[in-house]
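Colleague: Got structure23.txt for you, compact mmCIF, C-alpha atoms:
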```txt
# COMPACT_ATOMS: atom_id res chain seq x y z
CA MET A 1 3.37 30.57 7.73
CA THR A 2 5.04 30.24 11.11
CA GLU A 3 3.70 28.40 14.15
CA ARG A 4 4.97 27.18 17.49
CA LEU A 5 7.04 24.02 17.41
CA ASP A 6 5.03 22.28 20.14
CA LYS A 7 1.74 23.05 18.40
CA PHE A 8 3.09 21.81 15.09
CA LEU A 9 4.20 18.50 16.61
CA ALA A 10 0.93 18.05 18.49
CA ASN A 11 -1.02 18.59 15.27
CA ALA A 12 1.25 16.10 13.51
CA GLY A 13 0.16 13.37 15.93
CA PHE A 14 2.94 13.33 18.51
CA GLY A 15 0.57 13.68 21.44
CA THR A 16 -0.66 16.49 23.68
CA ARG A 17 1.35 19.66 24.24
CA THR A 18 2.60 18.13 27.51
CA GLU A 19 3.71 14.95 25.76
CA VAL A 20 5.37 16.98 23.01
CA LYS A 21 7.30 19.01 25.62
CA LYS A 22 8.68 15.73 27.00
CA ILE A 23 9.85 14.69 23.53
CA ILE A 24 11.58 18.04 23.10
CA LYS A 25 13.15 17.81 26.56
CA GLN A 26 14.52 14.39 25.65
CA LYS A 27 16.40 16.07 22.76
CA ARG A 28 14.58 13.97 20.17
CA VAL A 29 13.46 16.96 18.08
CA LYS A 30 15.63 18.69 15.51
CA ILE A 31 15.13 21.75 13.34
CA ASP A 32 17.25 21.65 10.18
CA GLY A 33 19.49 19.08 11.84
CA GLU A 34 19.98 20.99 15.09
CA ILE A 35 18.49 19.81 18.39
CA SER A 36 15.73 22.07 19.62
CA LYS A 37 15.13 22.52 23.35
CA ASN A 38 12.36 25.09 23.12
CA GLY A 39 8.78 24.21 22.23
CA ASP A 40 7.79 27.88 22.11
CA ILE A 41 10.08 28.63 19.18
CA LYS A 42 8.42 29.74 15.94
CA ILE A 43 9.04 27.53 12.93
CA ASP A 44 8.10 27.53 9.25
CA PRO A 45 7.30 23.91 8.27
CA GLU A 46 7.32 24.87 4.60
CA GLN A 47 10.90 26.15 4.78
CA GLN A 48 12.44 24.11 7.60
CA ILE A 49 12.91 20.38 8.15
CA ILE A 50 11.48 19.27 11.47
CA SER A 51 12.44 15.77 12.57
CA VAL A 52 11.69 13.51 15.52
CA ASP A 53 14.08 10.65 16.21
CA GLU A 54 15.87 11.53 12.96
CA LYS A 55 12.69 11.08 10.90
CA PRO A 56 11.20 14.09 9.08
CA VAL A 57 7.74 15.09 10.23
CA SER A 58 5.26 15.24 7.36
CA THR A 59 3.44 18.54 6.93
CA GLN A 60 0.63 16.79 5.07
CA LYS A 61 -2.73 16.75 6.76
CA GLN A 62 -3.06 13.10 5.80
CA GLU A 63 -0.58 10.29 5.38
CA TYR A 64 -0.10 8.17 2.25
CA LEU A 65 2.38 5.28 2.38
CA LEU A 66 3.35 2.76 -0.29
CA LEU A 67 4.27 -0.53 1.39
CA HIS A 68 6.04 -3.45 -0.31
CA LYS A 69 4.15 -6.17 1.53
CA PRO A 70 6.07 -9.39 2.17
CA ALA A 71 4.45 -12.80 2.49
CA GLY A 72 3.55 -13.90 6.00
CA TYR A 73 1.63 -10.80 7.06
CA VAL A 74 -2.16 -10.43 7.12
CA THR A 75 -3.73 -7.27 5.77
CA ALA A 76 -5.41 -5.88 8.87
CA THR A 77 -4.90 -3.14 11.42
CA ARG A 78 -4.64 -5.71 14.21
CA ASP A 79 -4.88 -9.46 14.71
CA ASN A 80 -4.62 -11.51 17.89
CA LEU A 81 -2.81 -14.41 16.24
CA GLU A 82 -0.99 -13.18 13.13
CA LYS A 83 1.54 -10.50 12.24
CA THR A 84 -0.19 -7.66 10.41
CA VAL A 85 1.07 -5.24 7.78
CA MET A 86 0.73 -2.48 10.36
CA ASP A 87 3.51 -4.13 12.37
CA LEU A 88 5.81 -2.96 9.56
CA ILE A 89 4.80 0.69 9.92
CA ASP A 90 6.60 3.09 12.25
CA SER A 91 4.61 6.30 12.45
CA PRO A 92 3.47 8.64 15.24
CA ILE A 93 -0.03 8.53 13.72
CA LYS A 94 -0.02 4.76 13.20
CA ASP A 95 -3.23 4.31 15.20
CA ARG A 96 -5.25 6.19 12.61
CA LEU A 97 -3.69 4.49 9.55
CA PHE A 98 -5.16 1.49 7.75
CA PRO A 99 -4.47 -0.61 4.63
CA VAL A 100 -6.60 0.09 1.55
CA GLY A 101 -8.01 -3.20 0.34
CA ARG A 102 -6.59 -6.59 1.12
CA LEU A 103 -3.77 -8.85 -0.01
CA ASP A 104 -3.76 -12.49 1.09
CA LYS A 105 -1.23 -13.54 3.71
CA ASP A 106 0.94 -15.29 1.09
CA THR A 107 0.62 -12.49 -1.49
CA GLU A 108 3.33 -9.87 -1.84
CA GLY A 109 3.51 -6.44 -3.41
CA LEU A 110 1.94 -3.01 -3.43
CA LEU A 111 -0.27 -1.99 -0.54
CA LEU A 112 -1.48 1.54 0.13
CA ILE A 113 -1.54 2.61 3.78
CA THR A 114 -3.36 5.84 4.62
CA ASP A 115 -5.77 7.66 6.91
CA ASP A 116 -7.74 9.08 3.98
CA GLY A 117 -11.11 7.35 4.32
CA PRO A 118 -12.85 9.02 1.36
CA LEU A 119 -9.97 8.09 -0.96
CA ALA A 120 -10.02 4.49 0.25
CA HIS A 121 -13.77 4.34 -0.36
CA ARG A 122 -13.35 5.61 -3.93
CA LEU A 123 -10.51 3.21 -4.72
CA LEU A 124 -12.43 0.21 -3.40
CA SER A 125 -15.87 1.11 -4.74
CA PRO A 126 -17.19 -1.62 -7.08
CA LYS A 127 -18.57 1.15 -9.29
CA LYS A 128 -15.13 2.64 -9.96
CA HIS A 129 -13.50 -0.50 -11.44
CA VAL A 130 -10.04 0.64 -10.29
CA PRO A 131 -7.47 -1.57 -12.07
CA LYS A 132 -5.17 -3.84 -10.07
CA THR A 133 -2.23 -5.52 -11.82
CA TYR A 134 -0.52 -8.67 -10.60
CA TYR A 135 2.53 -10.67 -11.56
CA ALA A 136 2.09 -14.38 -10.94
CA LYS A 137 3.71 -17.74 -11.41
CA VAL A 138 1.18 -20.45 -12.19
CA SER A 139 1.43 -24.20 -12.62
CA GLY A 140 1.60 -25.63 -16.12
CA CYS A 141 2.15 -23.96 -19.48
CA MET A 142 -0.66 -21.47 -20.01
CA GLU A 143 -2.02 -21.32 -23.57
CA GLU A 144 -2.76 -18.13 -25.48
CA ASN A 145 -6.46 -19.03 -25.70
CA CYS A 146 -6.67 -18.27 -21.97
CA CYS A 147 -6.24 -14.58 -22.81
CA ALA A 148 -9.59 -14.57 -24.61
CA GLN A 149 -11.31 -16.28 -21.69
CA PHE A 150 -10.01 -13.68 -19.25
CA ARG A 151 -10.91 -10.88 -21.65
CA GLU A 152 -14.50 -12.10 -21.95
CA GLY A 153 -14.99 -12.58 -18.22
CA MET A 154 -15.50 -15.99 -16.64
CA ASP A 155 -17.51 -18.00 -14.16
CA ILE A 156 -15.60 -18.46 -10.89
CA GLY A 157 -18.57 -19.67 -8.87
CA ASP A 158 -20.10 -16.31 -7.99
CA GLU A 159 -23.54 -15.02 -8.96
CA LYS A 160 -22.06 -13.05 -11.85
CA PRO A 161 -19.13 -13.71 -14.18
CA THR A 162 -16.02 -11.62 -13.60
CA LEU A 163 -15.53 -8.37 -15.42
CA PRO A 164 -13.21 -8.54 -18.44
CA ALA A 165 -9.56 -8.80 -17.39
CA GLU A 166 -6.31 -8.34 -19.31
CA LEU A 167 -4.00 -11.37 -19.25
CA GLU A 168 -0.46 -11.34 -20.63
CA ILE A 169 1.51 -14.56 -20.72
CA VAL A 170 5.01 -13.30 -20.01
CA SER A 171 6.78 -16.64 -20.44
CA THR A 172 6.31 -20.39 -20.18
CA HIS A 173 8.77 -22.89 -18.75
CA PRO A 174 7.90 -26.39 -20.01
CA GLU A 175 10.93 -27.98 -18.40
CA GLU A 176 9.84 -26.75 -14.97
CA ASN A 177 6.11 -26.83 -15.77
CA TYR A 178 5.13 -23.28 -14.86
CA SER A 179 4.23 -19.99 -16.51
CA GLU A 180 4.75 -16.34 -15.66
CA ILE A 181 1.81 -14.03 -16.27
CA ARG A 182 0.73 -10.44 -15.78
CA LEU A 183 -2.96 -9.94 -15.02
CA THR A 184 -5.03 -6.78 -14.63
CA ILE A 185 -8.45 -7.04 -12.99
CA HIS A 186 -11.04 -4.32 -12.39
CA GLU A 187 -12.78 -5.58 -9.28
CA GLY A 188 -11.75 -7.11 -5.97
CA ARG A 189 -13.50 -10.40 -5.35
CA PHE A 190 -12.33 -12.88 -2.72
CA HIS A 191 -9.19 -14.71 -3.98
CA GLN A 192 -10.12 -13.50 -7.46
CA VAL A 193 -6.79 -13.98 -9.23
CA LYS A 194 -6.34 -17.47 -7.80
CA ARG A 195 -9.91 -18.46 -8.69
CA MET A 196 -9.65 -17.13 -12.25
CA CYS A 197 -6.45 -19.06 -12.84
CA GLN A 198 -8.01 -22.20 -11.33
CA ALA A 199 -10.96 -21.79 -13.72
CA VAL A 200 -8.59 -22.35 -16.66
CA GLY A 201 -6.71 -25.18 -14.97
CA HIS A 202 -3.72 -23.41 -13.43
CA GLU A 203 -2.78 -23.06 -9.78
CA VAL A 204 -1.18 -19.83 -8.57
CA LEU A 205 2.24 -20.63 -7.13
CA TYR A 206 3.35 -17.06 -6.41
CA LEU A 207 1.44 -13.77 -6.49
CA LYS A 208 2.59 -10.17 -6.31
CA ARG A 209 0.59 -6.99 -6.87
CA ILE A 210 2.60 -4.55 -8.97
CA ALA A 211 0.06 -1.77 -9.58
CA PHE A 212 -3.08 -0.35 -7.99
CA GLY A 213 -4.87 2.40 -9.88
CA SER A 214 -2.21 4.93 -10.87
CA LEU A 215 0.22 3.61 -8.24
CA ILE A 216 3.10 1.39 -9.37
CA LEU A 217 5.18 -0.72 -7.00
CA ASP A 218 8.53 0.91 -6.34
CA GLU A 219 10.91 -1.98 -7.02
CA SER A 220 13.67 -0.15 -5.14
CA LEU A 221 11.67 -0.83 -1.97
CA SER A 222 12.77 -4.03 -0.28
CA LYS A 223 10.06 -6.33 1.02
CA GLY A 224 8.69 -5.02 4.30
CA SER A 225 9.77 -1.43 3.66
CA TYR A 226 7.69 1.58 2.67
CA ARG A 227 7.89 5.21 1.63
CA ARG A 228 5.63 8.22 1.52
CA LEU A 229 3.87 8.93 -1.75
CA SER A 230 5.12 11.87 -3.75
CA GLN A 231 2.82 14.84 -4.19
CA GLN A 232 2.33 13.85 -7.84
CA GLU A 233 1.35 10.29 -6.86
CA ILE A 234 -1.18 11.65 -4.37
CA GLU A 235 -2.65 14.00 -6.96
CA ASN A 236 -2.91 11.18 -9.52
CA LEU A 237 -4.71 8.96 -7.00
CA THR A 238 -7.16 11.64 -5.92
CA LYS A 239 -8.15 12.83 -9.40
```
Would you mind writing the file's structure down as structure tokens?
Modeller:
Amino acid sequence: MTERLDKFLANAGFGTRTEVKKIIKQKRVKIDGEISKNGDIKIDPEQQIISVDEKPVSTQKQEYLLLHKPAGYVTATRDNLEKTVMDLIDSPIKDRLFPVGRLDKDTEGLLLITDDGPLAHRLLSPKKHVPKTYYAKVSGCMEENCCAQFREGMDIGDEKPTLPAELEIVSTHPEENYSEIRLTIHEGRFHQVKRMCQAVGHEVLYLKRIAFGSLILDESLSKGSYRRLSQQEIENLTK
């Protein structure tokens, strides 16, 4: 289906028709790699690649981004004192995007950024028990009996014990006195992974989320970078 270029860009979040015309006049818009100077031109977004400042314009009604969060950034849309994960995002619709859930400032890994409120609500709902998997380095040599404690749920000082979690001890390093683990939890309590590890006598030294629901961290993404979700990833998340 064809539509006017200026209308398409306005609907994609690049501003009013007047603002879009300025962008076009500044020669920042390309159609299939060629600069476009005419906002009235008819385009077919399904067949043609429309880009602004060399970045393709998504034809999706909503945006879904997978961010490899680095340490040092707080998970918030804005903060008066700290750098936020949104400072890493460059998007014309950035103002309507938000992170789904929260990773601590010192935690790295997978973070979903979107403007899909209903999806975020479903993923974060305590009733859904969406799995979240983490890789961690913890102090000391973790014993196999810890796996049973995590599997049964444990008291971390809240009103209720945690839901059962799956702990895998990847490796232990007696000479350096630390262990590597992989942990999957099904809820999102405050500092939950750190508190569960503390409950069995181990301090979290490094924490990285590697999966969230059906999403898996793209290891080809460097820390601080992001990419759009594929259509299949979106469909898997929204099932």
Colleague: Point out the residue among A:Ile181, A:Ile234, A:Val20, A:Leu217 with the least atom-to-atom distance to A:Leu67, counting all atoms listed in the file.
Modeller: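 Using all atoms listed in the file, the shortest distance to A:Leu67 belongs to A:Leu217.
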Colleague: What lies within 10 Å of A:Val200 using all atoms listed in the file, ignoring chain neighbours under 5 positions off, as a list in words?
Modeller: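 Neighbouring residues, sequence-local ones excluded: Met142, Glu143, Asn145, Cys146, Gln149, Phe150, Met154, Ile156 and Arg195 of chain A.
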Colleague: How many Å lie between atom CA of A:Val170 and atom CA of A:Gly72, rounded to one decimal?
Modeller: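 Those two atoms sit 26.1 Å apart.
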Colleague: Find the residues around A:Asp95 up to 10 Å (all atoms listed in the file counted), leave out those fewer than 6 positions away in its own chain, and share them as a ChimeraX atom specification.
Modeller: /A:13,77,86,115
Colleague: May I have the residues within 10 Å of A:Phe8 as a VMD selection string, using all atoms listed in the file and disregarding those fewer than 6 positions away in the same chain?
Modeller: chain A and resid 2 14 17 20 39 42 to 45 50 57 59
Colleague: Considering only C-alpha atoms, state which residue in the set A:Arg227, A:Arg102, A:Lys30, A:Lys132 is at the smallest distance from A:Leu215.
Modeller: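 Using only C-alpha atoms, A:Leu215 sits closest to A:Lys132.
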Colleague: At what distance in Å, to one decimal, does atom CA of A:Gln198 lie from atom CA of A:Lys105?
Modeller: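 Separation of atom CA of A:Lys105 and atom CA of A:Gln198: 18.6 Å.
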Colleague: Under the rule that only C-alpha atoms are counted, which of A:Pro118, A:Pro70, A:Gly153, A:Pro161 is the nearest residue to A:Ser225?
Modeller: A:Pro70
Colleague: State, in Å with one decimal place, the distance from atom CA of A:Thr114 to atom CA of A:Leu207.
Modeller: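 Taking atom CA of A:Thr114 as the start and atom CA of A:Leu207 as the end point, the length is 23.0 Å.
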Colleague: Which one of A:Thr75, A:Thr172, A:Asn80, A:Asn236 sits closest to A:Ile216 if you count only C-alpha atoms?
Modeller: A:Asn236
Colleague: Using all atoms listed in the file, I'd like a table of the residues in stretch 25-87 of chain A that come within 12 Å of stretch 210-213 of chain A; for each, show the closest atom pair and its distance in Å rounded to one decimal, ordered by chain and ascending number, as JSON lines.
Modeller:
```
{"residue": "A:Leu66", "atom": "CA", "partner": "A:Phe212", "partner_atom": "CA", "distance": 10.5}
{"residue": "A:Leu67", "atom": "CA", "partner": "A:Ile210", "partner_atom": "CA", "distance": 11.2}
{"residue": "A:His68", "atom": "CA", "partner": "A:Ile210", "partner_atom": "CA", "distance": 9.4}
{"residue": "A:Lys69", "atom": "CA", "partner": "A:Ile210", "partner_atom": "CA", "distance": 10.7}
```
Colleague: Looking at A:Tyr73, A:Glu233, A:His202, A:Glu3, which one is nearest to A:Glu46, with distances taken over all atoms listed in the file?
Modeller: A:Glu3
Colleague: With distances taken over all atoms listed in the file, which residue among A:Ser222, A:Thr238, A:Ser230, A:Thr18 lies nearest A:Leu110?
Modeller: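 The answer is A:Ser222, which sits nearest to A:Leu110.
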Colleague: Residues at most 7 Å from stretch 186-193 of chain A, counting only C-alpha atoms, excluding those fewer than 2 positions away in the same chain, as a list of chain:residue names?
Modeller: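 Once the nearby chain positions are removed, what remains is A:Pro126, A:His129, A:Val130, A:Pro131, A:Lys132, A:Leu163, A:Ala165, A:Thr184, A:Arg195, A:Met196, A:Cys197.
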Colleague: Contacts of A:Arg28 at 12 Å or less, counting only C-alpha atoms, minus same-chain residues fewer than 6 places along, as a list of chain:residue names?
Modeller: A:Leu9, A:Phe14, A:Val20, A:Lys21, A:Lys22, A:Glu34, A:Ile35, A:Ser36, A:Lys37, A:Asn38, A:Gly39, A:Ile50, A:Ser51, A:Val52, A:Asp53, A:Glu54, A:Lys55, A:Pro56
Colleague: At a cut-off of 10 Å from (-12.7, -1.5, 0.7) in the coordinates of the file, what residues are picked up using all atoms listed in the file, written as a CSV table (one decimal) with C-alpha atoms, in the coordinates of the input?
Modeller:
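Result went into result_23.csv, see below:
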```csv
chain,number,residue,atom,x,y,z
A,99,PRO,CA,-4.5,-0.6,4.6
A,100,VAL,CA,-6.6,0.1,1.6
A,101,GLY,CA,-8.0,-3.2,0.3
A,102,ARG,CA,-6.6,-6.6,1.1
A,117,GLY,CA,-11.1,7.4,4.3
A,120,ALA,CA,-10.0,4.5,0.2
A,121,HIS,CA,-13.8,4.3,-0.4
A,122,ARG,CA,-13.4,5.6,-3.9
A,123,LEU,CA,-10.5,3.2,-4.7
A,124,LEU,CA,-12.4,0.2,-3.4
A,125,SER,CA,-15.9,1.1,-4.7
A,126,PRO,CA,-17.2,-1.6,-7.1
A,188,GLY,CA,-11.8,-7.1,-6.0
```
